[in-house]
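Below is upload_30.csv, holding CSV, C-alpha atoms.
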```
chain,number,residue,atom,x,y,z
W,64,MET,CA,131.6,128.0,0.6
W,65,VAL,CA,133.2,124.6,0.5
W,66,GLU,CA,133.0,124.5,-3.3
W,67,THR,CA,134.4,128.1,-3.6
W,68,VAL,CA,137.4,127.2,-1.3
W,69,THR,CA,138.0,123.9,-3.2
W,70,GLU,CA,138.1,125.8,-6.5
W,71,HIS,CA,140.4,128.4,-5.1
W,72,LEU,CA,142.8,125.8,-3.8
W,73,ALA,CA,142.9,124.1,-7.2
W,74,ARG,CA,143.4,127.3,-9.2
W,75,ARG,CA,146.0,128.9,-6.9
W,76,PRO,CA,148.6,126.4,-5.8
W,77,GLU,CA,151.0,129.1,-4.8
W,78,VAL,CA,148.7,130.4,-2.1
W,79,GLN,CA,149.9,129.4,1.4
W,80,GLY,CA,146.6,129.6,3.2
W,81,VAL,CA,142.9,130.2,3.2
W,82,ARG,CA,141.5,133.2,5.1
W,83,LEU,CA,137.9,133.3,5.9
W,84,ASP,CA,136.6,136.6,7.4
W,85,PHE,CA,133.6,136.2,9.8
W,86,ALA,CA,133.2,139.9,10.7
W,87,GLU,CA,129.6,140.0,9.4
W,88,LEU,CA,128.6,136.5,10.6
W,89,ALA,CA,125.3,136.9,12.5
W,90,TRP,CA,124.3,133.2,12.9
W,91,ILE,CA,125.8,129.7,12.4
W,92,ASP,CA,124.5,126.2,13.1
W,93,SER,CA,125.7,122.7,12.8
W,94,ALA,CA,125.6,122.8,9.0
W,95,GLY,CA,127.9,125.8,9.1
W,96,LEU,CA,130.3,124.1,11.4
W,97,SER,CA,130.2,121.0,9.2
W,98,ALA,CA,131.2,123.3,6.2
W,99,LEU,CA,134.0,124.8,8.2
W,100,LEU,CA,135.3,121.3,9.0
W,101,MET,CA,135.1,120.3,5.4
W,102,VAL,CA,137.0,123.5,4.3
W,103,HIS,CA,139.7,122.7,7.0
W,104,ARG,CA,140.0,119.1,5.7
W,105,ARG,CA,140.5,120.3,2.1
W,106,ALA,CA,142.9,123.1,3.0
W,107,CYS,CA,145.0,120.6,5.1
W,108,ALA,CA,144.9,118.0,2.3
W,109,ALA,CA,146.4,120.7,0.0
W,110,GLY,CA,149.0,121.6,2.6
W,111,ARG,CA,147.5,125.0,3.3
W,112,ALA,CA,146.6,126.6,6.7
W,113,LEU,CA,143.1,127.8,7.4
W,114,HIS,CA,142.7,131.2,9.1
W,115,LEU,CA,139.4,132.1,10.7
W,116,ASP,CA,139.6,135.9,10.9
W,117,ARG,CA,137.5,138.3,12.9
W,118,ARG,CA,135.5,135.7,14.6
W,119,PRO,CA,132.4,137.1,16.4
W,120,ASP,CA,131.6,135.8,19.9
W,121,LEU,CA,128.9,133.5,18.6
W,122,LEU,CA,131.4,131.6,16.4
W,123,GLU,CA,134.0,131.6,19.1
W,124,ARG,CA,131.5,130.1,21.6
W,125,LEU,CA,130.4,127.4,19.1
W,126,LEU,CA,134.0,126.4,18.3
W,127,ARG,CA,135.0,126.3,22.0
W,128,GLN,CA,131.8,124.4,23.0
W,129,THR,CA,132.3,121.8,20.3
W,130,GLY,CA,136.0,121.4,20.9
W,131,THR,CA,136.8,122.4,17.3
W,132,LEU,CA,138.7,125.7,17.8
W,133,ASP,CA,142.1,124.3,18.2
W,134,HIS,CA,141.5,121.7,15.4
W,135,LEU,CA,140.3,124.4,12.9
W,136,THR,CA,143.1,126.8,13.7
W,137,ALA,CA,146.0,124.4,13.8
W,138,ARG,CA,148.5,124.5,11.0
W,139,PRO,CA,148.5,121.5,8.6
W,140,GLY,CA,150.1,118.6,10.4
W,141,GLN,CA,150.4,120.4,13.7
W,142,ASP,CA,148.0,118.2,15.5
W,143,GLU,CA,149.4,115.0,14.2
W,144,ASP,CA,152.3,113.0,15.5
W,145,ALA,CA,155.0,111.4,13.4
W,146,THR,CA,152.7,108.4,12.5
W,147,GLY,CA,150.1,110.8,11.0
W,148,THR,CA,147.6,110.1,13.7
W,149,ASN,CA,146.1,112.6,16.0
W,150,ALA,CA,148.2,113.3,19.1
W,151,THR,CA,146.5,112.7,22.4
```
Let me see whether you can do it: turn the structure in this file into structure tokens.
Amino acid sequence: MVETVTEHLARRPEVQGVRLDFAELAWIDSAGLSALLMVHRRACAAGRALHLDRRPDLLERLLRQTGTLDHLTARPGQDEDATGTNAT
């Protein structure tokens, strides 16, 4: 997934965001969460928003329990202050 999104970002600079559809997701573990964090990092570095569409309850729970929901769904630069560091 990370490689596919990275290639998509490189080939399609006009695209404003990355949409991932999780409607058929049946299971996710820490490796899946790590991949989502990497996709988010690459999307933000390219100035694109990441959209996590149709999240099943299991993904929603994982993101809330790990404190990553707001981080992964924030627009690029939204969770940073003027100095480029994370706001607290």
Excluding segment 93-98 of chain W and residues on its chain fewer than 2 positions from it, collect all residues at most 9 Å away from it, counting all atoms listed in the file, and give them as a PyMOL selection string. chain W and resi 64-65+91+100-103+125-126+131
Grab the atom CA of Ala73 of chain W to atom CA of Leu99 of chain W distance for me, in Å with one decimal place. 17.8 Å
Can you work out which one of W:Pro119, W:His114, W:Val68, W:Arg75 has the shortest atom-to-atom distance to Ala137 of chain W, counting only C-alpha atoms? W:His114
d(atom CA of Leu83 of chain W, atom CA of Thr129 of chain W) in Å: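 Computing the Euclidean distance for atom CA of Leu83 of chain W and atom CA of Thr129 of chain W yields 19.3 Å.
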Find the residues near Gly80 of chain W: any atom within 8 Å, counting all atoms listed in the file, skip ones fewer than 2 places away on the same chain, and give them as a list in words.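 Skipping anything fewer than 2 positions along the chain leaves Val78, Arg82, Ala106, Arg111, Ala112, Leu113 and His114 of chain W.
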